[in-house]
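> Here you go, this is entry.pdb (PDB, C-alpha atoms, pLDDT in the B column).
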```
ATOM      1  CA  MET A 205     -14.395  -3.207  31.185  1.00 56.00           C
ATOM      2  CA  ASN A 206     -11.093  -4.298  32.726  1.00 66.00           C
ATOM      3  CA  ALA A 207      -9.059  -1.857  34.754  1.00 89.00           C
ATOM      4  CA  LEU A 208      -5.640  -1.229  33.277  1.00 95.00           C
ATOM      5  CA  ILE A 209      -2.599  -2.485  35.174  1.00 96.00           C
ATOM      6  CA  LYS A 210       0.802  -0.809  34.908  1.00 97.00           C
ATOM      7  CA  TYR A 211       3.750  -3.038  33.927  1.00 97.00           C
ATOM      8  CA  GLU A 212       7.479  -2.291  33.890  1.00 97.00           C
ATOM      9  CA  ALA A 213      10.594  -3.751  32.282  1.00 97.00           C
ATOM     10  CA  TRP A 214      13.967  -3.240  33.968  1.00 96.00           C
ATOM     11  CA  GLU A 215      17.567  -3.983  33.131  1.00 95.00           C
ATOM     12  CA  THR A 216      19.187  -6.183  35.780  1.00 93.00           C
ATOM     13  CA  GLU A 217      22.695  -7.505  36.283  1.00 90.00           C
ATOM     14  CA  ASP A 218      21.602 -10.811  34.725  1.00 89.00           C
ATOM     15  CA  GLY A 219      19.430  -9.499  31.872  1.00 92.00           C
ATOM     16  CA  THR A 220      15.933  -8.084  32.190  1.00 94.00           C
ATOM     17  CA  ALA A 221      12.988  -8.308  34.559  1.00 94.00           C
ATOM     18  CA  PHE A 222       9.332  -7.780  33.646  1.00 96.00           C
ATOM     19  CA  PHE A 223       6.562  -7.399  36.235  1.00 96.00           C
ATOM     20  CA  SER A 224       3.507  -5.424  37.282  1.00 96.00           C
ATOM     21  CA  SER A 225       4.329  -2.117  38.967  1.00 95.00           C
ATOM     22  CA  ALA A 226       2.556  -3.371  42.099  1.00 95.00           C
ATOM     23  CA  GLN A 227       5.514  -5.757  42.593  1.00 95.00           C
ATOM     24  CA  LEU A 228       8.210  -3.060  42.380  1.00 94.00           C
ATOM     25  CA  GLU A 229       8.701  -2.429  46.106  1.00 93.00           C
ATOM     26  CA  GLU A 230       8.817  -6.161  46.852  1.00 93.00           C
ATOM     27  CA  LEU A 231      11.456  -6.693  44.144  1.00 90.00           C
ATOM     28  CA  ARG A 232      13.521  -3.702  45.301  1.00 89.00           C
ATOM     29  CA  GLY A 233      13.706  -5.349  48.729  1.00 89.00           C
ATOM     30  CA  ASN A 234      15.037  -8.607  47.256  1.00 88.00           C
ATOM     31  CA  PRO A 235      18.851  -8.581  47.322  1.00 87.00           C
ATOM     32  CA  ALA A 236      18.962 -11.153  44.501  1.00 85.00           C
ATOM     33  CA  MET A 237      17.029  -8.807  42.162  1.00 86.00           C
ATOM     34  CA  LEU A 238      19.300  -5.876  41.383  1.00 91.00           C
ATOM     35  CA  LEU A 239      17.255  -3.489  39.264  1.00 93.00           C
ATOM     36  CA  LYS A 240      19.661  -1.193  37.404  1.00 94.00           C
ATOM     37  CA  LYS A 241      17.649   0.860  34.898  1.00 95.00           C
ATOM     38  CA  LYS A 242      13.992   1.106  33.942  1.00 96.00           C
ATOM     39  CA  LEU A 243      13.618   0.274  30.248  1.00 97.00           C
ATOM     40  CA  TYR A 244       9.956   1.199  29.831  1.00 97.00           C
ATOM     41  CA  GLU A 245       6.491   1.013  31.371  1.00 97.00           C
ATOM     42  CA  PHE A 246       3.001   0.683  29.923  1.00 97.00           C
ATOM     43  CA  GLU A 247      -0.553  -0.240  30.877  1.00 97.00           C
ATOM     44  CA  ALA A 248      -2.423  -3.373  29.791  1.00 96.00           C
ATOM     45  CA  ALA A 249      -5.755  -4.975  30.663  1.00 93.00           C
ATOM     46  CA  THR A 250      -4.403  -8.517  31.192  1.00 91.00           C
ATOM     47  CA  GLY A 251      -1.131 -10.272  31.886  1.00 91.00           C
ATOM     48  CA  GLU A 252      -1.341 -11.943  28.484  1.00 90.00           C
ATOM     49  CA  GLU A 253      -1.698  -8.581  26.746  1.00 93.00           C
ATOM     50  CA  ALA A 254       1.241  -7.237  28.779  1.00 95.00           C
ATOM     51  CA  SER A 255       3.397 -10.228  27.848  1.00 94.00           C
ATOM     52  CA  SER A 256       2.540  -9.704  24.174  1.00 95.00           C
ATOM     53  CA  ILE A 257       3.568  -6.035  24.329  1.00 95.00           C
ATOM     54  CA  HIS A 258       6.751  -6.856  26.261  1.00 96.00           C
ATOM     55  CA  ASN A 259       7.809  -9.564  23.778  1.00 95.00           C
ATOM     56  CA  LEU A 260       7.322  -7.221  20.828  1.00 95.00           C
ATOM     57  CA  ARG A 261       9.233  -4.362  22.482  1.00 95.00           C
ATOM     58  CA  MET A 262      12.106  -6.665  23.394  1.00 95.00           C
ATOM     59  CA  GLY A 263      12.227  -8.154  19.867  1.00 95.00           C
ATOM     60  CA  PHE A 264      11.355 -11.692  21.031  1.00 92.00           C
ATOM     61  CA  GLY A 265       8.566 -12.170  18.478  1.00 89.00           C
ATOM     62  CA  PRO A 266       4.913 -12.926  19.210  1.00 89.00           C
ATOM     63  CA  TYR A 267       3.968 -14.088  22.705  1.00 90.00           C
ATOM     64  CA  LYS A 268       2.748 -17.688  22.766  1.00 87.00           C
ATOM     65  CA  PRO A 269       0.944 -18.603  26.005  1.00 83.00           C
ATOM     66  CA  ILE A 270       1.597 -22.030  27.464  1.00 83.00           C
ATOM     67  CA  GLY A 271      -1.383 -24.362  27.902  1.00 80.00           C
ATOM     68  CA  GLU A 272      -5.027 -24.036  26.989  1.00 75.00           C
ATOM     69  CA  PRO A 273      -7.003 -20.800  27.449  1.00 68.00           C
ATOM     70  CA  GLN A 274      -9.010 -20.702  30.662  1.00 67.00           C
ATOM     71  CA  LEU A 275     -12.381 -19.064  31.308  1.00 68.00           C
ATOM     72  CA  ARG A 276     -12.247 -15.966  33.446  1.00 63.00           C
ATOM     73  CA  PRO A 277     -14.520 -16.563  36.452  1.00 65.00           C
ATOM     74  CA  LYS A 278     -15.923 -13.028  36.622  1.00 62.00           C
ATOM     75  CA  CYS A 279     -16.959 -12.645  32.979  1.00 60.00           C
ATOM     76  CA  ASN A 280     -16.610 -16.141  31.376  1.00 54.00           C
ATOM     77  CA  ALA A 281     -14.514 -14.652  28.573  1.00 53.00           C
TER
END
```
Could you write out this structure as structure tokens?

Amino acid sequence: MNALIKYEAWETEDGTAFFSSAQLEELRGNPAMLLKKKLYEFEAATGEEASSIHNLRMGFGPYKPIGEPQLRPKCNA
């Protein structure tokens, strides 16, 4: 079973930013990324699942990955 990863969406001066929580400190240190207000956070097993949830919450419609699906090296899924 995959470990869940926490993701966050933030309001910025230019729109929104979406990233894994592990990137928060790095982004806070970037003067070009001015995070103003946290919109929401959630946990997901994969980046694709997180992008799907984010798109639905933001009202963008279904997430459509670019390119062909790739095998995962650890489980061949």
> So which residues get picked by the PyMOL selection byres ((chain A and resi 249) around 10) here, written as a list in words?
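Expected selection for the PyMOL selection byres ((chain A and resi 249) around 10) here is Met205, Asn206, Ala207, Leu208, Ile209, Lys210, Glu247, Ala248, Thr250, Gly251, Glu252, Glu253 and Ala254 of chain A.
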> Kindly indicate which residue among A:Glu272, A:Phe222, A:Glu217, A:Phe264 lies nearest to Leu243 of chain A, using only C-alpha atoms for the distances.
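Closest to Leu243 of chain A of all the choices is A:Phe222.
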> If I take atom CA of Glu212 of chain A and atom CA of Glu245 of chain A, how far is one from the other in Å, to one decimal?
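These two atoms are separated by 4.3 Å.
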> If you measure from atom CA of Phe246 of chain A to atom CA of Gln227 of chain A, what distance in Å do you get, rounded to one decimal?
14.4 Å
> Write out as AutoDock Vina command-line options an axis-aligned box for segment 213-220 of chain A: all of its atoms listed in the file, 6 Å added on each side, centre and edge lengths in Å with one decimal.

```
--center_x 16.6 --center_y -7.0 --center_z 34.1 --size_x 24.1 --size_y 19.6 --size_z 16.4
```
> Could you jot down the atom CA of Glu215 of chain A to atom CA of Tyr244 of chain A separation for me, Å, one decimal place?
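Those two atoms sit 9.8 Å apart.
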> I'd like the neighbourhood of segment 265-269 of chain A as a list in words, where a residue qualifies if any of its atoms comes within 7 Å (using all atoms listed in the file), though same-chain residues fewer than 3 positions away should be ignored.
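Final neighbour list, sorted by chain and number: Ser255, Ser256, Asn259 and Leu260 of chain A.
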> Convert the current residue selection to file output with C-alpha atoms, as a CSV table (one decimal), keeping the file's coordinate frame.

```csv
chain,number,residue,atom,x,y,z
A,255,SER,CA,3.4,-10.2,27.8
A,256,SER,CA,2.5,-9.7,24.2
A,259,ASN,CA,7.8,-9.6,23.8
A,260,LEU,CA,7.3,-7.2,20.8
```
> A:Ile257, A:Ile270, A:Gly263, A:Trp214: which is nearest Leu231 of chain A, counting only C-alpha atoms?
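Of the candidates, the smallest distance to Leu231 of chain A is held by A:Trp214.
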> Between A:Lys241, A:Gly271, A:Arg261, A:Arg232, which is the closest to Gly219 of chain A once you count all atoms listed in the file?
A:Lys241
> Which one of A:Ala226, A:Thr216, A:His258, A:Ala221 sits closest to Leu239 of chain A if you count only C-alpha atoms?
A:Thr216
> Mind completing segment 223-253 of chain A with N, CA and C atoms? Output as a short mmCIF file (atom, residue, chain, number, x, y, z; two decimals), in the coordinates of the input, please?

```cif
data_model
loop_
_atom_site.label_atom_id
_atom_site.label_comp_id
_atom_site.auth_asym_id
_atom_site.auth_seq_id
_atom_site.Cartn_x
_atom_site.Cartn_y
_atom_site.Cartn_z
N PHE A 223 7.51 -7.15 35.15
CA PHE A 223 6.56 -7.40 36.24
C PHE A 223 5.55 -6.28 36.30
N SER A 224 4.48 -6.50 37.07
CA SER A 224 3.51 -5.42 37.28
C SER A 224 4.12 -4.43 38.26
N SER A 225 3.77 -3.17 38.11
CA SER A 225 4.33 -2.12 38.97
C SER A 225 4.01 -2.35 40.43
N ALA A 226 2.92 -3.07 40.72
CA ALA A 226 2.56 -3.37 42.10
C ALA A 226 3.62 -4.22 42.80
N GLN A 227 4.46 -4.90 42.03
CA GLN A 227 5.51 -5.76 42.59
C GLN A 227 6.84 -5.02 42.80
N LEU A 228 6.94 -3.78 42.37
CA LEU A 228 8.21 -3.06 42.38
C LEU A 228 8.84 -3.00 43.76
N GLU A 229 8.11 -2.57 44.77
CA GLU A 229 8.70 -2.43 46.11
C GLU A 229 9.18 -3.77 46.65
N GLU A 230 8.41 -4.82 46.41
CA GLU A 230 8.82 -6.16 46.85
C GLU A 230 10.13 -6.57 46.17
N LEU A 231 10.25 -6.31 44.87
CA LEU A 231 11.46 -6.69 44.14
C LEU A 231 12.65 -5.83 44.54
N ARG A 232 12.42 -4.57 44.85
CA ARG A 232 13.52 -3.70 45.30
C ARG A 232 14.09 -4.21 46.63
N GLY A 233 13.26 -4.83 47.45
CA GLY A 233 13.71 -5.35 48.73
C GLY A 233 14.39 -6.71 48.64
N ASN A 234 14.43 -7.30 47.46
CA ASN A 234 15.04 -8.61 47.26
C ASN A 234 16.49 -8.41 46.83
N PRO A 235 17.45 -8.80 47.66
CA PRO A 235 18.85 -8.58 47.32
C PRO A 235 19.31 -9.35 46.08
N ALA A 236 18.60 -10.39 45.70
CA ALA A 236 18.96 -11.15 44.50
C ALA A 236 18.49 -10.46 43.22
N MET A 237 17.58 -9.50 43.34
CA MET A 237 17.03 -8.81 42.16
C MET A 237 17.59 -7.39 42.15
N LEU A 238 18.68 -7.19 41.45
CA LEU A 238 19.30 -5.88 41.38
C LEU A 238 18.81 -5.14 40.14
N LEU A 239 17.82 -4.27 40.35
CA LEU A 239 17.26 -3.49 39.26
C LEU A 239 18.18 -2.31 38.98
N LYS A 240 18.69 -2.23 37.74
CA LYS A 240 19.66 -1.19 37.40
C LYS A 240 19.03 0.01 36.71
N LYS A 241 18.19 -0.23 35.69
CA LYS A 241 17.65 0.86 34.90
C LYS A 241 16.29 0.47 34.35
N LYS A 242 15.31 1.37 34.51
CA LYS A 242 13.99 1.11 33.94
C LYS A 242 14.08 1.25 32.42
N LEU A 243 13.61 0.24 31.70
CA LEU A 243 13.62 0.27 30.25
C LEU A 243 12.38 0.96 29.71
N TYR A 244 11.22 0.59 30.25
CA TYR A 244 9.96 1.20 29.83
C TYR A 244 8.84 0.74 30.75
N GLU A 245 7.70 1.42 30.66
CA GLU A 245 6.49 1.01 31.37
C GLU A 245 5.30 1.26 30.46
N PHE A 246 4.23 0.53 30.70
CA PHE A 246 3.00 0.68 29.92
C PHE A 246 1.85 0.09 30.72
N GLU A 247 0.64 0.32 30.24
CA GLU A 247 -0.55 -0.24 30.88
C GLU A 247 -1.18 -1.27 29.95
N ALA A 248 -1.74 -2.32 30.55
CA ALA A 248 -2.42 -3.37 29.79
C ALA A 248 -3.58 -3.90 30.64
N ALA A 249 -4.57 -4.48 29.97
CA ALA A 249 -5.76 -4.97 30.66
C ALA A 249 -5.52 -6.35 31.28
N THR A 250 -4.64 -7.16 30.69
CA THR A 250 -4.40 -8.52 31.19
C THR A 250 -2.91 -8.82 31.17
N GLY A 251 -2.52 -9.83 31.91
CA GLY A 251 -1.13 -10.27 31.89
C GLY A 251 -0.72 -10.79 30.52
N GLU A 252 -1.64 -11.43 29.82
CA GLU A 252 -1.34 -11.94 28.48
C GLU A 252 -1.09 -10.79 27.52
N GLU A 253 -1.91 -9.75 27.59
CA GLU A 253 -1.70 -8.58 26.75
C GLU A 253 -0.35 -7.93 27.07
#
```
